[in-house]
$ cat coords.cif   # mmCIF, C-alpha atoms
data_input
loop_
_atom_site.label_atom_id
_atom_site.label_comp_id
_atom_site.auth_asym_id
_atom_site.auth_seq_id
_atom_site.Cartn_x
_atom_site.Cartn_y
_atom_site.Cartn_z
CA MET K 1 99.41 90.97 68.03
CA ARG K 2 99.61 94.71 68.53
CA ALA K 3 101.69 96.66 66.00
CA HIS K 4 105.21 97.71 67.02
CA ALA K 5 105.21 95.22 69.87
CA ASP K 6 109.00 95.15 69.78
CA THR K 7 109.15 98.79 70.90
CA TYR K 8 107.61 97.96 74.27
CA GLN K 9 109.31 96.08 77.09
CA VAL K 10 108.03 94.70 80.39
CA VAL K 11 110.46 94.63 83.32
CA THR K 12 110.23 93.36 86.87
CA GLU K 13 112.44 92.61 89.85
CA GLU K 14 112.92 89.61 92.14
CA TRP K 15 110.14 89.88 94.71
CA ALA K 16 108.49 86.58 95.56
CA PRO K 17 105.77 85.48 95.45
CA TYR K 18 104.71 88.24 93.02
CA ASN K 19 107.56 88.22 90.53
CA TYR K 20 110.56 85.90 90.68
CA GLU K 21 112.57 83.33 88.77
CA GLU K 22 112.22 79.60 89.40
CA ASN K 23 114.03 76.93 87.41
CA GLY K 24 115.13 79.59 84.94
CA GLN K 25 111.56 80.75 84.30
CA LEU K 26 109.96 84.07 85.21
CA THR K 27 106.91 83.30 87.37
CA GLY K 28 104.87 84.59 90.29
CA LEU K 29 101.38 85.82 91.09
CA THR K 30 101.69 89.15 89.28
CA THR K 31 103.68 87.61 86.43
CA GLU K 32 100.77 85.27 85.76
CA ILE K 33 98.34 88.20 85.83
CA VAL K 34 100.47 90.22 83.39
CA ARG K 35 100.66 87.24 81.03
CA ALA K 36 96.88 86.76 81.31
CA ILE K 37 96.38 90.44 80.47
CA MET K 38 98.60 90.18 77.39
CA ALA K 39 96.76 87.04 76.29
CA ARG K 40 93.56 89.09 76.31
CA THR K 41 95.01 92.21 74.64
CA GLY K 42 97.04 90.33 72.02
CA ASP K 43 100.32 91.85 73.18
CA ASP K 44 103.49 89.81 73.21
CA PHE K 45 106.02 92.12 74.81
CA ALA K 46 109.44 90.90 75.93
CA MET K 47 109.58 90.35 79.71
CA ALA K 48 112.80 90.66 81.69
CA LEU K 49 113.73 90.11 85.34
CA LEU K 50 116.28 92.77 86.30
CA PRO K 51 118.04 93.84 89.50
CA SER K 52 115.76 96.17 91.46
CA MET K 53 117.61 99.42 90.82
CA ARG K 54 118.08 98.67 87.12
CA ALA K 55 114.39 97.81 86.65
CA SER K 56 113.39 101.11 88.26
CA ARG K 57 115.91 102.97 86.12
CA GLU K 58 114.56 101.36 82.95
CA LEU K 59 111.04 102.48 83.86
CA LYS K 60 112.24 106.03 84.50
CA THR K 61 114.51 106.42 81.49
CA ARG K 62 113.65 103.99 78.68
CA PRO K 63 110.68 104.83 76.42
CA LYS K 64 107.67 102.50 76.32
CA THR K 65 108.54 100.54 79.44
CA ILE K 66 106.10 98.69 81.69
CA MET K 67 107.07 97.55 85.19
CA TYR K 68 105.33 95.37 87.78
CA SER K 69 104.70 95.00 90.76
CA LEU K 70 104.86 98.52 92.20
CA PHE K 71 103.28 100.12 95.22
CA ARG K 72 101.39 103.20 94.03
CA THR K 73 102.66 105.98 96.28
CA PRO K 74 101.89 109.73 96.23
CA GLU K 75 105.50 110.37 95.15
CA ARG K 76 105.26 107.92 92.25
CA GLU K 77 101.72 108.87 91.21
CA PRO K 78 102.61 111.59 88.64
CA LEU K 79 105.62 109.73 87.26
CA TYR K 80 103.77 106.87 85.56
CA LYS K 81 100.45 105.66 84.20
CA TRP K 82 98.85 102.96 86.34
CA VAL K 83 96.85 99.76 85.93
CA GLY K 84 95.43 98.06 89.01
CA PRO K 85 95.07 97.48 91.84
CA ILE K 86 96.16 93.86 91.63
CA VAL K 87 96.33 93.03 95.34
CA GLU K 88 96.57 94.96 98.62
CA GLU K 89 99.48 94.07 100.86
CA SER K 90 101.12 95.09 104.14
CA ILE K 91 104.74 95.09 105.28
CA TYR K 92 105.58 94.14 108.88
CA PRO K 93 108.91 93.65 110.67
CA TYR K 94 109.96 90.15 111.74
CA GLN K 95 112.20 88.94 114.55
CA ARG K 96 113.20 85.52 115.83
CA ALA K 97 110.35 83.96 117.76
CA ASN K 98 112.60 83.43 120.80
CA ALA K 99 114.00 86.98 120.73
CA ALA K 100 113.94 88.73 124.09
CA PRO K 101 112.34 91.05 124.69
CA PRO K 102 109.70 90.78 121.96
CA ILE K 103 109.05 94.10 120.26
CA HIS K 104 105.54 95.55 120.52
CA SER K 105 105.89 99.28 119.83
CA LEU K 106 107.29 101.68 117.26
CA GLU K 107 109.44 103.22 119.99
CA GLN K 108 111.04 99.85 120.70
CA LEU K 109 111.57 99.35 116.97
CA LEU K 110 113.32 102.71 116.64
CA ARG K 111 115.63 101.78 119.53
CA ALA K 112 116.42 98.26 118.30
CA PRO K 113 120.17 97.63 117.89
CA GLN K 114 119.88 96.79 114.19
CA ILE K 115 117.19 96.42 111.52
CA THR K 116 118.22 94.81 108.24
CA THR K 117 116.43 95.64 105.03
CA ARG K 118 117.16 95.60 101.32
CA HIS K 119 119.85 97.96 100.03
CA ALA K 120 117.43 99.78 97.72
CA GLY K 121 113.75 100.28 97.10
CA LEU K 122 110.64 101.75 98.66
CA ILE K 123 110.90 100.12 102.10
CA PRO K 124 114.45 101.23 103.05
CA GLU K 125 113.66 104.73 101.79
CA LEU K 126 110.44 104.78 103.80
CA LEU K 127 112.19 103.59 106.96
CA GLN K 128 114.83 106.26 106.60
CA SER K 129 112.16 108.94 106.15
CA LEU K 130 110.46 107.71 109.34
CA GLY K 131 113.63 108.46 111.31
CA PHE K 132 115.17 105.01 111.64
CA THR K 133 118.89 105.43 112.31
CA ASN K 134 119.55 101.73 113.03
CA LEU K 135 119.24 100.45 109.46
CA ASP K 136 121.58 97.92 107.92
CA ARG K 137 121.01 98.10 104.15
CA SER K 138 123.55 95.44 103.19
CA ALA K 139 121.13 92.80 101.83
CA THR K 140 120.99 92.65 98.04
CA LYS K 141 118.65 89.63 97.96
CA ASN K 142 115.64 88.85 100.13
CA GLN K 143 117.07 85.45 101.16
CA GLN K 144 119.93 87.25 102.90
CA LEU K 145 117.49 88.89 105.32
CA TYR K 146 116.34 85.52 106.67
CA ARG K 147 119.79 83.98 106.79
CA MET K 148 121.15 86.97 108.72
CA LEU K 149 118.21 86.93 111.15
CA LEU K 150 118.44 83.20 111.91
CA ALA K 151 122.23 83.36 112.24
CA GLY K 152 121.92 86.12 114.85
CA ARG K 153 123.65 88.68 112.64
CA THR K 154 120.68 91.04 112.91
CA ASP K 155 117.79 91.56 115.31
CA ILE K 156 114.94 92.46 112.98
CA ILE K 157 114.23 92.28 109.25
CA ILE K 158 111.80 94.34 107.18
CA GLY K 159 111.21 93.70 103.51
CA ASP K 160 108.44 91.24 102.65
CA THR K 161 104.71 90.84 102.90
CA ALA K 162 103.34 87.89 104.87
CA ALA K 163 103.05 85.94 101.61
CA GLY K 164 106.69 86.70 100.85
CA VAL K 165 107.81 85.60 104.32
CA ALA K 166 105.92 82.33 103.87
CA TYR K 167 107.52 81.80 100.45
CA TYR K 168 111.08 82.36 101.67
CA SER K 169 110.46 80.29 104.80
CA ARG K 170 109.64 77.35 102.55
CA GLN K 171 112.56 78.03 100.23
CA LEU K 172 115.00 78.13 103.13
CA ASN K 173 113.31 75.36 105.20
CA ILE K 174 112.55 77.73 108.08
CA ALA K 175 110.25 76.17 110.68
CA PRO K 176 106.77 77.77 110.79
CA ASN K 177 107.25 78.89 114.41
CA ALA K 178 110.80 80.24 114.01
CA LEU K 179 109.81 83.80 113.07
CA ARG K 180 107.57 86.27 114.85
CA GLN K 181 105.69 89.05 113.09
CA VAL K 182 106.15 92.32 114.99
CA PRO K 183 102.65 93.85 115.27
CA ILE K 184 103.58 97.19 113.72
CA GLU K 185 102.34 97.80 110.20
CA ILE K 186 105.16 99.64 108.45
CA TYR K 187 103.37 100.07 105.17
CA ARG K 188 100.10 99.15 103.45
CA SER K 189 99.31 99.74 99.82
CA SER K 190 98.11 98.04 96.67
CA LEU K 191 100.34 96.60 93.97
CA TYR K 192 99.98 98.01 90.47
CA ILE K 193 101.46 97.79 86.98
CA ALA K 194 103.26 101.03 86.05
CA PHE K 195 103.70 102.41 82.52
CA SER K 196 106.20 105.07 81.47
CA LEU K 197 104.37 108.29 80.59
CA ASP K 198 105.06 107.94 76.86
CA CYS K 199 103.11 104.65 76.67
CA ASP K 200 99.99 104.95 74.52
CA ASP K 201 96.84 105.74 76.49
CA ALA K 202 94.99 103.18 74.38
CA LEU K 203 97.41 100.48 75.55
CA VAL K 204 97.01 101.44 79.19
CA ALA K 205 93.21 101.45 78.79
CA ALA K 206 93.30 98.03 77.10
CA TRP K 207 95.36 96.53 79.94
CA SER K 208 93.04 98.09 82.51
CA GLU K 209 90.01 96.63 80.74
CA ALA K 210 91.66 93.22 80.46
CA LEU K 211 92.40 93.26 84.21
CA GLU K 212 88.76 94.12 84.90
CA GLN K 213 87.68 91.22 82.67
CA LEU K 214 90.00 88.85 84.54
CA ASP K 215 88.46 90.04 87.77
CA GLN K 216 84.87 89.62 86.57
CA SER K 217 85.56 86.18 85.09
CA GLY K 218 87.01 84.92 88.38
CA GLU K 219 90.42 84.24 86.85
CA LEU K 220 92.08 86.90 89.02
CA THR K 221 90.74 85.25 92.16
CA ARG K 222 91.84 81.81 90.94
CA ILE K 223 95.40 83.05 90.39
CA ARG K 224 95.49 84.76 93.80
CA LEU K 225 94.09 81.73 95.62
CA ARG K 226 96.62 79.45 93.97
CA TYR K 227 99.45 81.52 95.42
CA GLU K 228 97.72 81.94 98.77
CA ARG K 229 97.44 78.17 99.05
CA ILE K 230 101.08 77.78 98.06
CA ASP K 231 102.08 80.36 100.65
CA GLY K 232 100.04 78.88 103.44
#
$ encode --input "coords.cif" --output "C-alpha coordinates"
Amino acid sequence: MRAHADTYQVVTEEWAPYNYEENGQLTGLTTEIVRAIMARTGDDFAMALLPSMRASRELKTRPKTIMYSLFRTPEREPLYKWVGPIVEESIYPYQRANAAPPIHSLEQLLRAPQITTRHAGLIPELLQSLGFTNLDRSATKNQQLYRMLLAGRTDIIIGDTAAGVAYYSRQLNIAPNALRQVPIEIYRSSLYIAFSLDCDDALVAAWSEALEQLDQSGELTRIRLRYERIDG
(Lines of atoms letter the chains of each structure in order from A and count residues from 1; the text may use other names and numbers.)
(Lines give C-alpha, C1' and ligand atoms only; values in the text may rest on other atoms or scores of the structure.)
Protein backbone atom coordinates (compact mmCIF):
# COMPACT_ATOMS: atom_id res chain seq x y z
CA MET A 1 0.00 0.00 0.00
CA ARG A 2 1.27 3.44 -0.93
CA ALA A 3 2.44 5.65 1.94
CA HIS A 4 0.06 8.36 3.19
CA ALA A 5 -2.87 6.69 1.48
CA ASP A 6 -5.22 8.35 3.94
CA THR A 7 -4.36 11.78 2.53
CA TYR A 8 -5.89 10.94 -0.84
CA GLN A 9 -9.59 10.57 -1.57
CA VAL A 10 -11.49 9.36 -4.62
CA VAL A 11 -14.90 10.92 -5.31
CA THR A 12 -17.57 10.33 -7.91
CA GLU A 13 -21.18 11.21 -8.64
CA GLU A 14 -24.29 9.21 -9.54
CA TRP A 15 -24.04 8.62 -13.28
CA ALA A 16 -25.05 5.12 -14.36
CA PRO A 17 -23.78 2.90 -15.78
CA TYR A 18 -20.32 4.40 -15.11
CA ASN A 19 -20.54 5.26 -11.43
CA TYR A 20 -23.58 4.64 -9.24
CA GLU A 21 -24.82 2.99 -6.07
CA GLU A 22 -26.70 -0.31 -6.09
CA ASN A 23 -27.81 -2.15 -2.97
CA GLY A 24 -25.73 0.25 -0.89
CA GLN A 25 -22.55 -0.49 -2.85
CA LEU A 26 -20.60 1.82 -5.15
CA THR A 27 -20.40 0.12 -8.55
CA GLY A 28 -20.36 0.81 -12.28
CA LEU A 29 -18.11 0.43 -15.30
CA THR A 30 -15.65 3.15 -14.33
CA THR A 31 -15.81 2.23 -10.65
CA GLU A 32 -14.63 -1.27 -11.55
CA ILE A 33 -11.81 0.19 -13.65
CA VAL A 34 -10.69 2.50 -10.84
CA ARG A 35 -10.67 -0.42 -8.39
CA ALA A 36 -8.70 -2.53 -10.88
CA ILE A 37 -6.18 0.31 -11.23
CA MET A 38 -5.75 0.57 -7.45
CA ALA A 39 -5.34 -3.21 -7.22
CA ARG A 40 -2.40 -2.89 -9.60
CA THR A 41 -0.84 0.20 -7.99
CA GLY A 42 -1.32 -0.95 -4.40
CA ASP A 43 -3.41 2.08 -3.49
CA ASP A 44 -6.36 1.76 -1.15
CA PHE A 45 -7.90 5.22 -1.20
CA ALA A 46 -11.31 5.92 0.32
CA MET A 47 -14.03 6.16 -2.35
CA ALA A 48 -17.16 8.25 -1.89
CA LEU A 49 -20.29 8.83 -3.96
CA LEU A 50 -21.29 12.49 -3.57
CA PRO A 51 -23.91 14.79 -5.09
CA SER A 52 -22.65 16.11 -8.42
CA MET A 53 -21.92 19.68 -7.36
CA ARG A 54 -20.24 18.60 -4.13
CA ALA A 55 -18.01 16.08 -5.93
CA SER A 56 -16.89 18.76 -8.38
CA ARG A 57 -16.28 21.18 -5.51
CA GLU A 58 -14.16 18.60 -3.67
CA LEU A 59 -12.02 18.12 -6.76
CA LYS A 60 -11.55 21.88 -7.13
CA THR A 61 -10.90 22.73 -3.50
CA ARG A 62 -9.70 19.73 -1.47
CA PRO A 63 -6.04 18.71 -1.78
CA LYS A 64 -5.14 15.28 -3.18
CA THR A 65 -8.55 14.51 -4.64
CA ILE A 66 -9.28 12.17 -7.54
CA MET A 67 -12.61 12.23 -9.37
CA TYR A 68 -14.15 9.98 -12.03
CA SER A 69 -15.80 9.89 -14.62
CA LEU A 70 -15.20 13.28 -16.24
CA PHE A 71 -15.37 14.47 -19.81
CA ARG A 72 -12.03 16.08 -20.66
CA THR A 73 -12.97 19.47 -22.07
CA PRO A 74 -10.75 22.37 -23.19
CA GLU A 75 -12.03 24.40 -20.21
CA ARG A 76 -11.18 21.66 -17.73
CA GLU A 77 -7.87 20.68 -19.33
CA PRO A 78 -5.56 23.01 -17.32
CA LEU A 79 -7.44 22.53 -14.04
CA TYR A 80 -6.51 18.89 -13.41
CA LYS A 81 -4.12 16.07 -14.24
CA TRP A 82 -5.69 13.36 -16.38
CA VAL A 83 -5.64 9.58 -16.75
CA GLY A 84 -7.47 7.99 -19.67
CA PRO A 85 -9.29 7.81 -21.93
CA ILE A 86 -11.51 5.12 -20.43
CA VAL A 87 -14.32 5.12 -22.99
CA GLU A 88 -15.66 7.48 -25.67
CA GLU A 89 -19.30 8.43 -25.38
CA SER A 90 -21.93 10.64 -27.02
CA ILE A 91 -24.92 12.50 -25.61
CA TYR A 92 -28.15 12.69 -27.63
CA PRO A 93 -31.59 14.11 -26.81
CA TYR A 94 -34.53 11.72 -26.34
CA GLN A 95 -38.25 12.19 -26.83
CA ARG A 96 -41.25 9.89 -26.56
CA ALA A 97 -41.39 7.55 -29.53
CA ASN A 98 -44.96 8.66 -30.33
CA ALA A 99 -44.18 12.38 -30.04
CA ALA A 100 -45.45 14.46 -32.93
CA PRO A 101 -43.76 15.85 -34.81
CA PRO A 102 -40.52 13.93 -34.35
CA ILE A 103 -37.52 16.22 -34.07
CA HIS A 104 -34.81 15.92 -36.73
CA SER A 105 -32.89 19.21 -36.67
CA LEU A 106 -31.06 21.49 -34.27
CA GLU A 107 -33.42 24.30 -35.26
CA GLN A 108 -36.41 22.22 -34.18
CA LEU A 109 -34.63 21.38 -30.94
CA LEU A 110 -33.98 25.05 -30.20
CA ARG A 111 -37.68 25.81 -30.77
CA ALA A 112 -39.01 22.89 -28.71
CA PRO A 113 -41.40 24.00 -25.93
CA GLN A 114 -39.27 22.49 -23.16
CA ILE A 115 -36.07 20.47 -22.76
CA THR A 116 -35.39 18.97 -19.34
CA THR A 117 -31.86 18.32 -18.18
CA ARG A 118 -29.99 17.97 -14.90
CA HIS A 119 -29.80 21.03 -12.67
CA ALA A 120 -25.99 21.11 -12.76
CA GLY A 121 -23.06 19.75 -14.69
CA LEU A 122 -21.42 19.87 -18.10
CA ILE A 123 -24.50 19.16 -20.24
CA PRO A 124 -26.81 21.93 -18.93
CA GLU A 125 -23.93 24.40 -19.10
CA LEU A 126 -23.15 23.30 -22.66
CA LEU A 127 -26.78 23.62 -23.74
CA GLN A 128 -26.99 27.10 -22.28
CA SER A 129 -23.81 28.13 -24.11
CA LEU A 130 -25.31 26.83 -27.37
CA GLY A 131 -28.19 29.28 -27.01
CA PHE A 132 -30.94 27.04 -25.66
CA THR A 133 -33.51 29.23 -23.91
CA ASN A 134 -36.07 26.44 -23.38
CA LEU A 135 -34.21 24.56 -20.64
CA ASP A 136 -35.87 23.16 -17.55
CA ARG A 137 -33.06 22.40 -15.09
CA SER A 138 -35.26 21.09 -12.28
CA ALA A 139 -34.09 17.44 -12.29
CA THR A 140 -31.69 16.59 -9.49
CA LYS A 141 -31.55 12.87 -10.35
CA ASN A 142 -31.38 11.18 -13.74
CA GLN A 143 -34.48 9.06 -13.01
CA GLN A 144 -36.55 12.24 -12.86
CA LEU A 145 -35.79 12.97 -16.52
CA TYR A 146 -37.46 9.74 -17.66
CA ARG A 147 -40.41 10.00 -15.30
CA MET A 148 -41.11 13.57 -16.45
CA LEU A 149 -40.82 12.61 -20.13
CA LEU A 150 -43.14 9.60 -19.88
CA ALA A 151 -45.65 11.53 -17.79
CA GLY A 152 -45.84 14.25 -20.45
CA ARG A 153 -44.36 16.89 -18.16
CA THR A 154 -41.59 17.62 -20.65
CA ASP A 155 -41.05 17.17 -24.38
CA ILE A 156 -37.38 16.23 -24.56
CA ILE A 157 -34.67 15.11 -22.15
CA ILE A 158 -30.90 15.43 -22.48
CA GLY A 159 -28.51 13.96 -19.96
CA ASP A 160 -27.35 10.40 -20.60
CA THR A 161 -25.35 8.38 -23.06
CA ALA A 162 -27.08 5.51 -24.88
CA ALA A 163 -25.73 3.12 -22.24
CA GLY A 164 -27.19 5.32 -19.52
CA VAL A 165 -30.58 5.48 -21.24
CA ALA A 166 -30.61 1.69 -21.50
CA TYR A 167 -29.70 1.37 -17.81
CA TYR A 168 -32.45 3.70 -16.60
CA SER A 169 -34.98 2.16 -18.99
CA ARG A 170 -34.39 -1.17 -17.27
CA GLN A 171 -34.45 0.36 -13.80
CA LEU A 172 -37.77 2.08 -14.48
CA ASN A 173 -39.28 -0.75 -16.61
CA ILE A 174 -39.53 1.46 -19.69
CA ALA A 175 -40.43 -0.51 -22.83
CA PRO A 176 -37.59 -0.69 -25.38
CA ASN A 177 -39.66 1.13 -28.03
CA ALA A 178 -41.01 3.86 -25.74
CA LEU A 179 -38.17 6.35 -26.28
CA ARG A 180 -36.76 7.79 -29.49
CA GLN A 181 -33.20 9.04 -29.83
CA VAL A 182 -33.19 12.42 -31.57
CA PRO A 183 -30.46 12.20 -34.27
CA ILE A 184 -28.55 15.26 -33.11
CA GLU A 185 -25.27 14.61 -31.33
CA ILE A 186 -25.10 17.22 -28.57
CA TYR A 187 -21.72 16.19 -27.28
CA ARG A 188 -19.00 13.59 -27.87
CA SER A 189 -15.95 13.11 -25.72
CA SER A 190 -13.99 10.54 -23.78
CA LEU A 191 -14.35 9.83 -20.08
CA TYR A 192 -11.27 10.29 -17.90
CA ILE A 193 -10.10 10.17 -14.30
CA ALA A 194 -9.17 13.66 -13.04
CA PHE A 195 -6.59 14.46 -10.34
CA SER A 196 -6.29 17.74 -8.46
CA LEU A 197 -3.11 19.55 -9.52
CA ASP A 198 -1.35 18.91 -6.20
CA CYS A 199 -1.52 15.12 -6.68
CA ASP A 200 1.94 13.57 -7.08
CA ASP A 201 3.03 13.15 -10.68
CA ALA A 202 4.36 9.70 -9.79
CA LEU A 203 0.86 8.67 -8.66
CA VAL A 204 -0.74 9.96 -11.85
CA ALA A 205 1.91 8.14 -13.93
CA ALA A 206 1.35 4.91 -11.98
CA TRP A 207 -2.42 5.05 -12.56
CA SER A 208 -1.86 5.78 -16.25
CA GLU A 209 0.49 2.82 -16.55
CA ALA A 210 -1.93 0.56 -14.68
CA LEU A 211 -4.74 1.58 -17.07
CA GLU A 212 -2.49 0.78 -20.03
CA GLN A 213 -1.73 -2.63 -18.50
CA LEU A 214 -5.45 -3.30 -18.02
CA ASP A 215 -5.98 -2.42 -21.66
CA GLN A 216 -3.16 -4.64 -22.93
CA SER A 217 -4.23 -7.57 -20.76
CA GLY A 218 -7.79 -7.44 -22.10
CA GLU A 219 -9.28 -6.72 -18.68
CA LEU A 220 -10.48 -3.27 -19.76
CA THR A 221 -12.36 -4.78 -22.69
CA ARG A 222 -13.86 -7.48 -20.45
CA ILE A 223 -15.19 -4.86 -18.03
CA ARG A 224 -16.61 -2.74 -20.86
CA LEU A 225 -18.26 -5.70 -22.57
CA ARG A 226 -19.85 -6.81 -19.32
CA TYR A 227 -21.60 -3.46 -19.02
CA GLU A 228 -22.43 -3.30 -22.71
CA ARG A 229 -24.15 -6.67 -22.42
CA ILE A 230 -25.99 -5.50 -19.31
CA ASP A 231 -27.07 -2.35 -21.11
CA GLY A 232 -28.22 -4.09 -24.25
$ atom_distance --input "coords.cif" --atom1 "CA of Leu106 in chain K" --atom2 "CA of Leu172 in chain K"
28.5 Å
$ residues_around --input "coords.cif" --residues "Tyr18 in chain K" --least-positions-apart "4" --cutoff "7 Å" --atoms "all atoms listed in the file" --output "PyMOL selection string"
chain K and resi 28-31
$ atom_distance --input "coords.cif" --atom1 "CA of Ala210 in chain K" --atom2 "CA of Arg54 in chain K"
27.8 Å
$ closest_residue --input "coords.cif" --among "K:Tyr20, K:Trp207, K:Tyr8, K:Trp82" --to "Pro51 in chain K" --atoms "only C-alpha atoms"
K:Tyr20
$ resolve_selection --input "coords.cif" --expression "the PyMOL selection byres ((chain K and resi 145) around 9)" --output "PyMOL selection string"
chain K and resi 116-118+139-144+146-150+154+156-159
$ resolve_selection --input "coords.cif" --expression "the PyMOL selection byres ((chain K and resi 11) around 12)" --output "VMD selection string"
chain K and resid 8 to 10 12 to 14 19 to 20 26 30 to 31 34 45 to 60 62 64 to 70 193 to 196
$ residues_around --input "coords.cif" --residues "Glu209 in chain K" --least-positions-apart "4" --cutoff "12 Å" --atoms "all atoms listed in the file" --output "PyMOL selection string"
chain K and resi 37-38+40-41+83-84+202-205+213-216
$ closest_residue --input "coords.cif" --among "K:Gln95, K:Gln25, K:Ser189, K:Asn177" --to "Ala151 in chain K" --atoms "all atoms listed in the file"
K:Gln95
$ axis_aligned_box --input "coords.cif" --around "range 59-71 of chain K" --padding-each-side "5 Å" --output "lines of an AutoDock Vina configuration file"
center_x = 108.9
center_y = 100.7
center_z = 85.8
size_x = 21.2
size_y = 21.4
size_z = 28.9
$ atom_distance --input "coords.cif" --atom1 "CA of Gly218 in chain K" --atom2 "CA of Ile33 in chain K"
12.1 Å
$ resolve_selection --input "coords.cif" --expression "the PyMOL selection byres ((chain K and resi 71-74) around 6)" --output "ChimeraX atom specification"
/K:70,75-77,190-191
$ residues_around --input "coords.cif" --residues "Ile91 in chain K" --least-positions-apart "6" --cutoff "6 Å" --atoms "only C-alpha atoms" --output "number ranges by chain"
K: 160-161, 186-187
$ build_atoms --input "coords.cif" --residues "range 113-128 of chain K" --atoms "N, CA, C and O atoms" --output "PDB file, in the coordinates of the input"
ATOM      1  N   PRO K 113     118.753  97.505 118.278  1.00  0.00           N
ATOM      2  CA  PRO K 113     120.170  97.630 117.890  1.00  0.00           C
ATOM      3  C   PRO K 113     120.378  97.682 116.379  1.00  0.00           C
ATOM      4  O   PRO K 113     121.184  98.462 115.879  1.00  0.00           O
ATOM      5  N   GLN K 114     119.671  96.826 115.652  1.00  0.00           N
ATOM      6  CA  GLN K 114     119.880  96.790 114.190  1.00  0.00           C
ATOM      7  C   GLN K 114     118.644  96.231 113.495  1.00  0.00           C
ATOM      8  O   GLN K 114     118.056  95.249 113.932  1.00  0.00           O
ATOM      9  N   ILE K 115     118.262  96.898 112.398  1.00  0.00           N
ATOM     10  CA  ILE K 115     117.190  96.420 111.520  1.00  0.00           C
ATOM     11  C   ILE K 115     117.791  96.252 110.134  1.00  0.00           C
ATOM     12  O   ILE K 115     118.362  97.198 109.581  1.00  0.00           O
ATOM     13  N   THR K 116     117.674  95.066 109.575  1.00  0.00           N
ATOM     14  CA  THR K 116     118.220  94.810 108.240  1.00  0.00           C
ATOM     15  C   THR K 116     117.107  94.847 107.208  1.00  0.00           C
ATOM     16  O   THR K 116     116.044  94.260 107.412  1.00  0.00           O
ATOM     17  N   THR K 117     117.372  95.540 106.131  1.00  0.00           N
ATOM     18  CA  THR K 117     116.430  95.640 105.030  1.00  0.00           C
ATOM     19  C   THR K 117     117.205  95.580 103.722  1.00  0.00           C
ATOM     20  O   THR K 117     118.435  95.464 103.729  1.00  0.00           O
ATOM     21  N   ARG K 118     116.481  95.630 102.613  1.00  0.00           N
ATOM     22  CA  ARG K 118     117.160  95.600 101.320  1.00  0.00           C
ATOM     23  C   ARG K 118     117.964  96.883 101.115  1.00  0.00           C
ATOM     24  O   ARG K 118     117.663  97.930 101.676  1.00  0.00           O
ATOM     25  N   HIS K 119     118.975  96.802 100.242  1.00  0.00           N
ATOM     26  CA  HIS K 119     119.850  97.960 100.030  1.00  0.00           C
ATOM     27  C   HIS K 119     119.159  99.079  99.267  1.00  0.00           C
ATOM     28  O   HIS K 119     119.575 100.234  99.345  1.00  0.00           O
ATOM     29  N   ALA K 120     118.090  98.758  98.522  1.00  0.00           N
ATOM     30  CA  ALA K 120     117.430  99.780  97.720  1.00  0.00           C
ATOM     31  C   ALA K 120     115.948  99.466  97.628  1.00  0.00           C
ATOM     32  O   ALA K 120     115.511  98.332  97.840  1.00  0.00           O
ATOM     33  N   GLY K 121     115.174 100.490  97.299  1.00  0.00           N
ATOM     34  CA  GLY K 121     113.750 100.280  97.100  1.00  0.00           C
ATOM     35  C   GLY K 121     112.903 101.128  98.032  1.00  0.00           C
ATOM     36  O   GLY K 121     113.402 101.916  98.840  1.00  0.00           O
ATOM     37  N   LEU K 122     111.597 100.946  97.917  1.00  0.00           N
ATOM     38  CA  LEU K 122     110.640 101.750  98.660  1.00  0.00           C
ATOM     39  C   LEU K 122     110.781 101.597 100.169  1.00  0.00           C
ATOM     40  O   LEU K 122     110.759 102.581 100.916  1.00  0.00           O
ATOM     41  N   ILE K 123     110.919 100.358 100.658  1.00  0.00           N
ATOM     42  CA  ILE K 123     110.900 100.120 102.100  1.00  0.00           C
ATOM     43  C   ILE K 123     112.098 100.757 102.818  1.00  0.00           C
ATOM     44  O   ILE K 123     111.905 101.473 103.808  1.00  0.00           O
ATOM     45  N   PRO K 124     113.345 100.548 102.357  1.00  0.00           N
ATOM     46  CA  PRO K 124     114.450 101.230 103.050  1.00  0.00           C
ATOM     47  C   PRO K 124     114.332 102.750 103.002  1.00  0.00           C
ATOM     48  O   PRO K 124     114.656 103.434 103.980  1.00  0.00           O
ATOM     49  N   GLU K 125     113.842 103.284 101.889  1.00  0.00           N
ATOM     50  CA  GLU K 125     113.660 104.730 101.790  1.00  0.00           C
ATOM     51  C   GLU K 125     112.595 105.211 102.764  1.00  0.00           C
ATOM     52  O   GLU K 125     112.742 106.253 103.423  1.00  0.00           O
ATOM     53  N   LEU K 126     111.510 104.433 102.873  1.00  0.00           N
ATOM     54  CA  LEU K 126     110.440 104.780 103.800  1.00  0.00           C
ATOM     55  C   LEU K 126     110.937 104.752 105.239  1.00  0.00           C
ATOM     56  O   LEU K 126     110.670 105.673 106.028  1.00  0.00           O
ATOM     57  N   LEU K 127     111.671 103.703 105.602  1.00  0.00           N
ATOM     58  CA  LEU K 127     112.190 103.590 106.960  1.00  0.00           C
ATOM     59  C   LEU K 127     113.108 104.752 107.310  1.00  0.00           C
ATOM     60  O   LEU K 127     113.042 105.302 108.414  1.00  0.00           O
ATOM     61  N   GLN K 128     113.933 105.131 106.358  1.00  0.00           N
ATOM     62  CA  GLN K 128     114.830 106.260 106.600  1.00  0.00           C
ATOM     63  C   GLN K 128     114.043 107.538 106.813  1.00  0.00           C
ATOM     64  O   GLN K 128     114.355 108.332 107.708  1.00  0.00           O
TER      65      GLN K 128
END
